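Asks: Take a look at run-v9.pdb, PDB, N, CA, C and O atoms:
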```
ATOM      1  N   MET A1325     152.347  57.630 132.467
ATOM      2  CA  MET A1325     153.546  58.447 132.486
ATOM      3  C   MET A1325     153.389  59.528 131.406
ATOM      4  O   MET A1325     153.114  59.216 130.255
ATOM      5  N   THR A1326     153.581  60.745 131.797
ATOM      6  CA  THR A1326     153.480  61.841 130.833
ATOM      7  C   THR A1326     154.730  61.884 129.962
ATOM      8  O   THR A1326     155.762  61.295 130.302
ATOM      9  N   LEU A1327     154.602  62.611 128.889
ATOM     10  CA  LEU A1327     155.732  62.732 127.967
ATOM     11  C   LEU A1327     156.938  63.376 128.656
ATOM     12  O   LEU A1327     158.068  62.906 128.509
ATOM     13  N   LEU A1328     156.680  64.422 129.426
ATOM     14  CA  LEU A1328     157.792  65.097 130.113
ATOM     15  C   LEU A1328     158.471  64.187 131.129
ATOM     16  O   LEU A1328     159.701  64.182 131.240
ATOM     17  N   SER A1329     157.688  63.408 131.866
ATOM     18  CA  SER A1329     158.294  62.510 132.850
ATOM     19  C   SER A1329     159.075  61.392 132.153
ATOM     20  O   SER A1329     160.110  60.949 132.645
ATOM     21  N   ARG A1330     158.592  60.958 131.002
ATOM     22  CA  ARG A1330     159.307  59.943 130.224
ATOM     23  C   ARG A1330     160.660  60.496 129.754
ATOM     24  O   ARG A1330     161.688  59.823 129.859
ATOM     25  N   ILE A1331     160.650  61.717 129.251
ATOM     26  CA  ILE A1331     161.895  62.349 128.791
ATOM     27  C   ILE A1331     162.861  62.509 129.962
ATOM     28  O   ILE A1331     164.056  62.222 129.828
ATOM     29  N   GLU A1332     162.374  62.939 131.102
ATOM     30  CA  GLU A1332     163.236  63.103 132.279
ATOM     31  C   GLU A1332     163.815  61.764 132.724
ATOM     32  O   GLU A1332     164.980  61.683 133.107
ATOM     33  N   SER A1333     163.015  60.725 132.659
ATOM     34  CA  SER A1333     163.495  59.387 133.009
ATOM     35  C   SER A1333     164.611  58.948 132.053
ATOM     36  O   SER A1333     165.631  58.398 132.486
ATOM     37  N   LEU A1334     164.422  59.204 130.768
ATOM     38  CA  LEU A1334     165.443  58.854 129.779
ATOM     39  C   LEU A1334     166.716  59.654 130.004
ATOM     40  O   LEU A1334     167.824  59.121 129.891
ATOM     41  N   LYS A1335     166.577  60.933 130.329
ATOM     42  CA  LYS A1335     167.755  61.771 130.606
ATOM     43  C   LYS A1335     168.517  61.268 131.824
ATOM     44  O   LYS A1335     169.742  61.276 131.846
ATOM     45  N   SER A1336     167.784  60.809 132.824
ATOM     46  CA  SER A1336     168.415  60.270 134.029
ATOM     47  C   SER A1336     169.206  59.001 133.693
ATOM     48  O   SER A1336     170.347  58.830 134.135
ATOM     49  N   ARG A1337     168.602  58.108 132.914
ATOM     50  CA  ARG A1337     169.295  56.883 132.503
ATOM     51  C   ARG A1337     170.517  57.229 131.651
ATOM     52  O   ARG A1337     171.579  56.613 131.794
ATOM     53  N   HIS A1338     170.381  58.216 130.779
ATOM     54  CA  HIS A1338     171.488  58.665 129.926
ATOM     55  C   HIS A1338     172.660  59.130 130.791
ATOM     56  O   HIS A1338     173.816  58.787 130.543
ATOM     57  N   SER A1339     172.345  59.881 131.833
ATOM     58  CA  SER A1339     173.381  60.393 132.744
ATOM     59  C   SER A1339     174.063  59.252 133.503
ATOM     60  O   SER A1339     175.292  59.248 133.657
ATOM     61  N   ARG A1340     173.286  58.281 133.965
ATOM     62  CA  ARG A1340     173.861  57.140 134.688
ATOM     63  C   ARG A1340     174.790  56.332 133.781
ATOM     64  O   ARG A1340     175.868  55.904 134.200
ATOM     65  N   ILE A1341     174.379  56.148 132.544
ATOM     66  CA  ILE A1341     175.220  55.406 131.604
ATOM     67  C   ILE A1341     176.504  56.179 131.324
ATOM     68  O   ILE A1341     177.582  55.592 131.233
ATOM     69  N   ASP A1342     176.393  57.498 131.225
ATOM     70  CA  ASP A1342     177.581  58.330 131.026
ATOM     71  C   ASP A1342     178.560  58.146 132.186
ATOM     72  O   ASP A1342     179.772  58.044 131.976
ATOM     73  N   GLN A1343     178.057  58.066 133.395
ATOM     74  CA  GLN A1343     178.904  57.839 134.568
ATOM     75  C   GLN A1343     179.551  56.455 134.505
ATOM     76  O   GLN A1343     180.725  56.295 134.851
ATOM     77  N   GLN A1344     178.787  55.459 134.052
ATOM     78  CA  GLN A1344     179.341  54.113 133.928
ATOM     79  C   GLN A1344     180.456  54.079 132.885
ATOM     80  O   GLN A1344     181.463  53.397 133.066
ATOM     81  N   ILE A1345     180.263  54.806 131.787
ATOM     82  CA  ILE A1345     181.288  54.872 130.743
ATOM     83  C   ILE A1345     182.559  55.501 131.309
ATOM     84  O   ILE A1345     183.669  55.008 131.078
ATOM     85  N   SER A1346     182.403  56.569 132.059
ATOM     86  CA  SER A1346     183.565  57.236 132.661
ATOM     87  C   SER A1346     184.280  56.303 133.634
ATOM     88  O   SER A1346     185.513  56.235 133.649
ATOM     89  N   ALA A1347     183.520  55.586 134.436
ATOM     90  CA  ALA A1347     184.118  54.669 135.408
ATOM     91  C   ALA A1347     184.861  53.538 134.702
ATOM     92  O   ALA A1347     185.996  53.193 135.074
ATOM     93  N   GLU A1348     184.248  52.970 133.676
ATOM     94  CA  GLU A1348     184.892  51.871 132.949
ATOM     95  C   GLU A1348     186.125  52.381 132.210
ATOM     96  O   GLU A1348     187.169  51.728 132.196
ATOM     97  N   GLY A1349     186.024  53.551 131.602
ATOM     98  CA  GLY A1349     187.151  54.119 130.865
ATOM     99  C   GLY A1349     188.303  54.504 131.763
ATOM    100  O   GLY A1349     189.446  54.577 131.318
ATOM    101  N   GLY A1350     188.033  54.750 133.036
ATOM    102  CA  GLY A1350     189.075  55.135 133.981
ATOM    103  C   GLY A1350     189.827  53.975 134.580
ATOM    104  O   GLY A1350     190.823  54.169 135.280
ATOM    105  N   ARG A1351     189.361  52.772 134.307
ATOM    106  CA  ARG A1351     190.057  51.592 134.816
ATOM    107  C   ARG A1351     191.373  51.400 134.067
ATOM    108  O   ARG A1351     191.506  51.832 132.925
ATOM    109  N   PRO A1352     192.347  50.739 134.696
ATOM    110  CA  PRO A1352     193.631  50.499 134.023
ATOM    111  C   PRO A1352     193.486  49.736 132.703
ATOM    112  O   PRO A1352     194.156  50.038 131.733
ATOM    113  N   ARG A1353     192.584  48.764 132.672
ATOM    114  CA  ARG A1353     192.354  47.996 131.441
ATOM    115  C   ARG A1353     190.854  47.901 131.213
ATOM    116  O   ARG A1353     190.217  46.912 131.558
ATOM    117  N   PRO A1354     190.264  48.927 130.624
ATOM    118  CA  PRO A1354     188.819  48.921 130.414
ATOM    119  C   PRO A1354     188.395  47.804 129.458
ATOM    120  O   PRO A1354     189.137  47.436 128.540
ATOM    121  N   ASP A1355     187.226  47.269 129.718
ATOM    122  CA  ASP A1355     186.660  46.220 128.865
ATOM    123  C   ASP A1355     185.995  46.906 127.668
ATOM    124  O   ASP A1355     184.982  47.590 127.810
ATOM    125  N   GLU A1356     186.557  46.730 126.497
ATOM    126  CA  GLU A1356     186.066  47.405 125.297
ATOM    127  C   GLU A1356     184.639  46.984 124.951
ATOM    128  O   GLU A1356     183.852  47.800 124.462
ATOM    129  N   ARG A1357     184.299  45.719 125.192
ATOM    130  CA  ARG A1357     182.929  45.263 124.896
ATOM    131  C   ARG A1357     181.923  45.974 125.781
ATOM    132  O   ARG A1357     180.855  46.359 125.321
ATOM    133  N   VAL A1358     182.275  46.159 127.040
ATOM    134  CA  VAL A1358     181.387  46.874 127.961
ATOM    135  C   VAL A1358     181.240  48.320 127.515
ATOM    136  O   VAL A1358     180.126  48.859 127.479
ATOM    137  N   LEU A1359     182.352  48.946 127.144
ATOM    138  CA  LEU A1359     182.297  50.334 126.686
ATOM    139  C   LEU A1359     181.429  50.482 125.437
ATOM    140  O   LEU A1359     180.623  51.410 125.340
ATOM    141  N   ILE A1360     181.584  49.585 124.496
ATOM    142  CA  ILE A1360     180.792  49.643 123.263
ATOM    143  C   ILE A1360     179.310  49.480 123.580
ATOM    144  O   ILE A1360     178.468  50.227 123.070
ATOM    145  N   THR A1361     178.982  48.527 124.434
ATOM    146  CA  THR A1361     177.590  48.295 124.816
ATOM    147  C   THR A1361     176.997  49.525 125.493
ATOM    148  O   THR A1361     175.885  49.956 125.162
ATOM    149  N   LEU A1362     177.740  50.096 126.432
ATOM    150  CA  LEU A1362     177.258  51.286 127.133
ATOM    151  C   LEU A1362     177.078  52.466 126.179
ATOM    152  O   LEU A1362     176.084  53.197 126.257
ATOM    153  N   LYS A1363     178.022  52.648 125.280
ATOM    154  CA  LYS A1363     177.936  53.761 124.332
ATOM    155  C   LYS A1363     176.747  53.597 123.389
ATOM    156  O   LYS A1363     176.075  54.583 123.044
ATOM    157  N   LEU A1364     176.468  52.365 122.979
ATOM    158  CA  LEU A1364     175.297  52.123 122.132
ATOM    159  C   LEU A1364     174.006  52.412 122.895
ATOM    160  O   LEU A1364     173.069  53.001 122.338
ATOM    161  N   GLN A1365     173.953  51.998 124.154
ATOM    162  CA  GLN A1365     172.778  52.282 124.967
ATOM    163  C   GLN A1365     172.586  53.787 125.115
ATOM    164  O   GLN A1365     171.467  54.296 125.000
ATOM    165  N   LYS A1366     173.677  54.489 125.356
ATOM    166  CA  LYS A1366     173.623  55.940 125.519
ATOM    167  C   LYS A1366     173.130  56.605 124.231
ATOM    168  O   LYS A1366     172.296  57.512 124.269
ATOM    169  N   LEU A1367     173.630  56.146 123.094
ATOM    170  CA  LEU A1367     173.208  56.702 121.806
ATOM    171  C   LEU A1367     171.720  56.455 121.565
ATOM    172  O   LEU A1367     170.999  57.351 121.129
ATOM    173  N   ARG A1368     171.257  55.257 121.859
ATOM    174  CA  ARG A1368     169.828  54.947 121.684
ATOM    175  C   ARG A1368     168.956  55.830 122.560
ATOM    176  O   ARG A1368     167.902  56.303 122.129
ATOM    177  N   LEU A1369     169.410  56.050 123.792
ATOM    178  CA  LEU A1369     168.655  56.926 124.690
ATOM    179  C   LEU A1369     168.626  58.352 124.152
ATOM    180  O   LEU A1369     167.578  59.006 124.171
ATOM    181  N   LYS A1370     169.765  58.823 123.666
ATOM    182  CA  LYS A1370     169.835  60.176 123.116
ATOM    183  C   LYS A1370     168.875  60.315 121.940
ATOM    184  O   LYS A1370     168.143  61.300 121.830
ATOM    185  N   GLU A1371     168.861  59.327 121.059
ATOM    186  CA  GLU A1371     167.963  59.362 119.912
ATOM    187  C   GLU A1371     166.506  59.360 120.350
ATOM    188  O   GLU A1371     165.682  60.075 119.771
ATOM    189  N   GLU A1372     166.185  58.576 121.344
ATOM    190  CA  GLU A1372     164.808  58.516 121.855
ATOM    191  C   GLU A1372     164.404  59.855 122.483
ATOM    192  O   GLU A1372     163.288  60.339 122.280
ATOM    193  N   ILE A1373     165.328  60.451 123.241
ATOM    194  CA  ILE A1373     165.055  61.760 123.849
ATOM    195  C   ILE A1373     164.792  62.788 122.748
ATOM    196  O   ILE A1373     163.827  63.564 122.830
ATOM    197  N   GLU A1374     165.629  62.804 121.737
ATOM    198  CA  GLU A1374     165.460  63.757 120.640
ATOM    199  C   GLU A1374     164.151  63.520 119.901
ATOM    200  O   GLU A1374     163.455  64.462 119.537
ATOM    201  N   ARG A1375     163.812  62.269 119.693
ATOM    202  CA  ARG A1375     162.565  61.932 118.987
ATOM    203  C   ARG A1375     161.357  62.416 119.771
ATOM    204  O   ARG A1375     160.438  63.002 119.206
ATOM    205  N   LEU A1376     161.363  62.186 121.066
ATOM    206  CA  LEU A1376     160.233  62.590 121.900
ATOM    207  C   LEU A1376     160.173  64.106 122.105
ATOM    208  O   LEU A1376     159.085  64.659 122.310
ATOM    209  N   SER A1377     161.316  64.761 122.026
ATOM    210  CA  SER A1377     161.361  66.207 122.253
ATOM    211  C   SER A1377     160.901  67.006 121.035
ATOM    212  O   SER A1377     160.540  68.170 121.165
ATOM    213  N   SER A1378     160.926  66.387 119.877
ATOM    214  CA  SER A1378     160.565  67.141 118.668
ATOM    215  C   SER A1378     159.076  67.101 118.383
ATOM    216  O   SER A1378     158.304  66.470 118.982
TER     217      SER A1378
END
```
Mind converting the file's structure to structure tokens?
Replies:
Amino acid sequence: MTLLSRIESLKSRHSRIDQQISAEGGRPRPDERVLITLKLQKLRLKEEIERLSS
């Protein structure tokens, strides 16, 4: 896997997690543990993308 394809894969996962966060947050009673877990995953992906991009 090339560096660019790895970054694109991470960006895709980041986007999917963002959609999951929106879906969970839009529920009448969102599960805070799920939201926290998803947000941490999203942050880790963002950090990895930034690390690989620099």
Asks: As an exercise, work out the distance from atom C of Arg1340 in chain A to atom O of Asp1355 in chain A in Å and give it to one decimal place.
Replies: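 Taking atom C of Arg1340 in chain A and atom O of Asp1355 in chain A, their separation equals 14.7 Å.
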Asks: Between atom N of Leu1369 in chain A and CA of Gln1344 in chain A, what is the distance, to one decimal in Å?
Replies: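 A separation of 14.3 Å between them.
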Asks: Could you give me, as a list in words, the residues within 12 Å of Leu1362 in chain A, counting only C-alpha atoms and dropping anything in the same chain fewer than 2 positions from it?
Replies: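 Using only C-alpha atoms, the neighbours found are Arg1337, His1338, Ser1339, Arg1340, Ile1341, Asp1342, Gln1343, Gln1344, Ile1345, Ser1346, Ala1347, Glu1348, Gly1349, Asp1355, Glu1356, Arg1357, Val1358, Leu1359, Ile1360, Leu1364, Gln1365, Lys1366, Leu1367, Arg1368 and Leu1369 of chain A.
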Asks: As an exercise, work out the distance from atom O of Lys1363 in chain A to atom C of Arg1351 in chain A in Å and give it to one decimal place.
Replies: 19.1 Å
Asks: Exactly which residues make up the result of the PyMOL selection byres (((chain A and resi 1373 and name CA) around 10) and name CA) on this file, given as JSON, numbers by chain?
Replies: {"A": [1330, 1331, 1332, 1333, 1334, 1335, 1338, 1367, 1368, 1369, 1370, 1371, 1372, 1374, 1375, 1376, 1377, 1378]}
Asks: Find the smallest box with edges along x, y and z containing every listed atom of range 1335-1353 of chain A, then add 4 Å on each side and report centre and edge lengths in Å to one decimal, as JSON.
Replies:
```
{"center_x": 180.4, "center_y": 54.3, "center_z": 132.7, "size_x": 35.6, "size_y": 22.9, "size_z": 13.5}
```
Asks: Report as a PyMOL selection string: the residues of chain A with a DSSP assignment of alpha helix (DSSP H), based on the backbone of this structure.
Replies: chain A and resi 1327-1349+1356-1377
